[in-house]
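See structure below.
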Amino acid sequence: MISPDQVLPDWLVAHARRFYSDGGQPVTPRRAATVLLLRDVDPGVEVYLIRRAASMAFASGMYAFPGGSVDPRDASHDMRWLGPSPAEWAERLGLEDEPAARSVVCAAVRETFEESGVLLAGSVAGDDSGSDAATAATVVGDVSGPEWEQARQALVDRELAFSDFLTQRDLGLRGDLLAAWGRWITPEFEPRRYDTCFFLAALPGAQRTRDVGGEADGVVWVRPAEAVARQRRGEWTMLPPTVVTLSELADQPSVEAALRAAAGRDMSPIMPHVVFTDAGAHMAWRE
């Protein structure tokens, strides 16, 4: 798919040309996860976006979903795991093994809490060793108090492992609250590259998003179609995966419908690349 309305800055085109002409070697992408928090409005849905701070090395000043790269400790087995097993997630996400899947799903939940203050975790009575346990699981309520905020900041500073954070509160990771939507890999000419799994999640009823600062200097709830319109008018800047994902969600009538639609999604990785033509340069990717 070629996207002629995706305006590429001159510096990016020059960088891509230089990479290819010099025979550049792409760096290995890091595993990452991002989560689209959704809530129902009348009509349709809204999605939560953060504006990445200008000081950030990657995608500074751009609107994006909460997310980030995997922490090595995200692969820990020392946490209660509710919902699909790591083996089931590995198959769904197209990842090579259970540790990779465990890391990505844990990163999705951890980064969502770090960057929005929303915690996709809960408790369950009885045996929680299999996916059936999640049917009786609860979702944690308000997590905006001082003790929660202190722990959230410790996670951001990497002073606390997410597994320890959950264990201390007798909570389990609610992977069943996530729905896989897509997987994007940063173009090979970029110096910072990520292999990112995109997930959907409904905003838990007893929780609210918070502007927690840090990597973001602004937050907003917005209808997907409106976000895309603002990007096309040049009011907001976004990376192609963000724009495409928002466009795909624009016609969803409800959060429940969006989560159902995720079940049939192709999770084959998509890697945008620059196409050079006589008319100029465009970003392209497999649709």
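Please note that chains go A, B, ... in the order of the structure tokens, that every chain numbers its residues from 1, and that ligands are numbered from 1 in the order shown.
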
**Report entry** Those of range 110-217 of chain A in DSSP strand (DSSP E or B), formatted as a ChimeraX atom specification
**Finding:** /A:121-122,172-174,179-185,194-202,216-217

Any chance you can output those residues with C-alpha atoms as a PDB file, in the first residue's frame?
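Ended up saving to selection26.pdb:
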```
ATOM      1  CA  ALA A 121      -4.797  -6.493  36.816  1.00  0.00           C
ATOM      2  CA  GLY A 122      -7.053  -8.249  39.283  1.00  0.00           C
ATOM      3  CA  GLY A 172      -2.603 -11.163  38.747  1.00  0.00           C
ATOM      4  CA  LEU A 173      -1.903  -9.824  35.280  1.00  0.00           C
ATOM      5  CA  ARG A 174      -5.196  -9.712  33.347  1.00  0.00           C
ATOM      6  CA  ALA A 179      -7.019  -8.080  22.356  1.00  0.00           C
ATOM      7  CA  ALA A 180      -4.237  -8.286  19.763  1.00  0.00           C
ATOM      8  CA  TRP A 181      -4.799  -5.916  16.846  1.00  0.00           C
ATOM      9  CA  GLY A 182      -1.582  -5.628  14.824  1.00  0.00           C
ATOM     10  CA  ARG A 183       2.190  -5.841  14.739  1.00  0.00           C
ATOM     11  CA  TRP A 184       4.493  -3.233  13.206  1.00  0.00           C
ATOM     12  CA  ILE A 185       8.264  -3.140  12.756  1.00  0.00           C
ATOM     13  CA  TYR A 194      11.024  -1.674  17.468  1.00  0.00           C
ATOM     14  CA  ASP A 195       8.970  -4.790  16.802  1.00  0.00           C
ATOM     15  CA  THR A 196       5.728  -3.627  18.389  1.00  0.00           C
ATOM     16  CA  CYS A 197       2.547  -5.560  19.119  1.00  0.00           C
ATOM     17  CA  PHE A 198      -0.589  -3.377  19.201  1.00  0.00           C
ATOM     18  CA  PHE A 199      -3.364  -4.328  21.639  1.00  0.00           C
ATOM     19  CA  LEU A 200      -6.852  -3.053  22.403  1.00  0.00           C
ATOM     20  CA  ALA A 201      -8.251  -2.822  25.938  1.00  0.00           C
ATOM     21  CA  ALA A 202     -11.435  -1.396  27.396  1.00  0.00           C
ATOM     22  CA  ALA A 216       4.236  12.615  27.763  1.00  0.00           C
ATOM     23  CA  ASP A 217       3.573  16.352  27.840  1.00  0.00           C
TER      24      ASP A 217
END
```

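Atom pair CA of Val222 in chain A / CA of Arg39 in chain A has a distance of 9.8 Å (rounded to one decimal).
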
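For Pro191 in chain A, the residues within 12 Å (counting only C-alpha atoms, excluding itself and residues fewer than 4 positions away along the chain) are Leu12, His15, Ala16, Phe19, Gly24, Gln25, Pro26, Val27, Thr28, Pro29, Arg30, Ala57, Phe58, Thr186 and Pro187 of chain A.
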
**Report entry** Which residue of A:Arg51, A:Arg158, A:His77, A:Arg208 approaches Trp236 in chain A most closely, using only C-alpha atoms
**Finding:** A:Arg51

Report task. Find the residues around range 99-114 of chain A up to 9 Å (only C-alpha atoms counted), leave out those fewer than 3 positions away in its own chain, and share them as a PyMOL selection string. Result -> chain A and resi 31-35+37+65-77+85-91+93-96+117-121+152-153+155-156+162-163+173-175+178+196-199+212

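Pairwise distance (CA of Val220 in chain A, CA of Ile50 in chain A) equals 6.5 Å.
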
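Between Pro84 in chain A and the candidates A:Glu46, A:Glu115, A:Asp97, A:Asp176, the tightest atom-to-atom separation, counting only C-alpha atoms, involves A:Asp176.
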
Query - alpha helix (DSSP H) per DSSP on the backbone: members of range 72-236 of chain A, as a PyMOL selection string - result: chain A and resi 86-93+98-116+146-156+162-168+224-232

Requested in this report: Skip Ala281 in chain A itself and residues of its chain fewer than 5 positions away, then list as a PyMOL selection string all residues within 8 Å of it, counting only C-alpha atoms.
Outcome: chain A and resi 8+13+274-276

**Report entry** Given only C-alpha atoms as the counted atoms, nearest of A:Arg52, A:Arg17, A:Arg92, A:Arg232 to Arg265 in chain A
**Finding:** A:Arg92

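Distances to Leu246 in chain A were evaluated for A:Ala154, A:Gly205, A:Leu36, A:Arg210 using only C-alpha atoms, and the minimum falls at A:Leu36.
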
Report task. May I ask which of the residues A:Asp22, A:Gln150, A:Arg80, A:Val143 is the closest one to Gln207 in chain A, counting only C-alpha atoms? Result -> A:Val143

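Going from CA of Asp78 in chain A to CA of Asp142 in chain A covers 24.3 Å.
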
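In this comparison, which uses only C-alpha atoms, the residue of A:Leu203, A:Ala257, A:Ala279, A:Leu249 approaching Pro224 in chain A most closely is A:Leu249.
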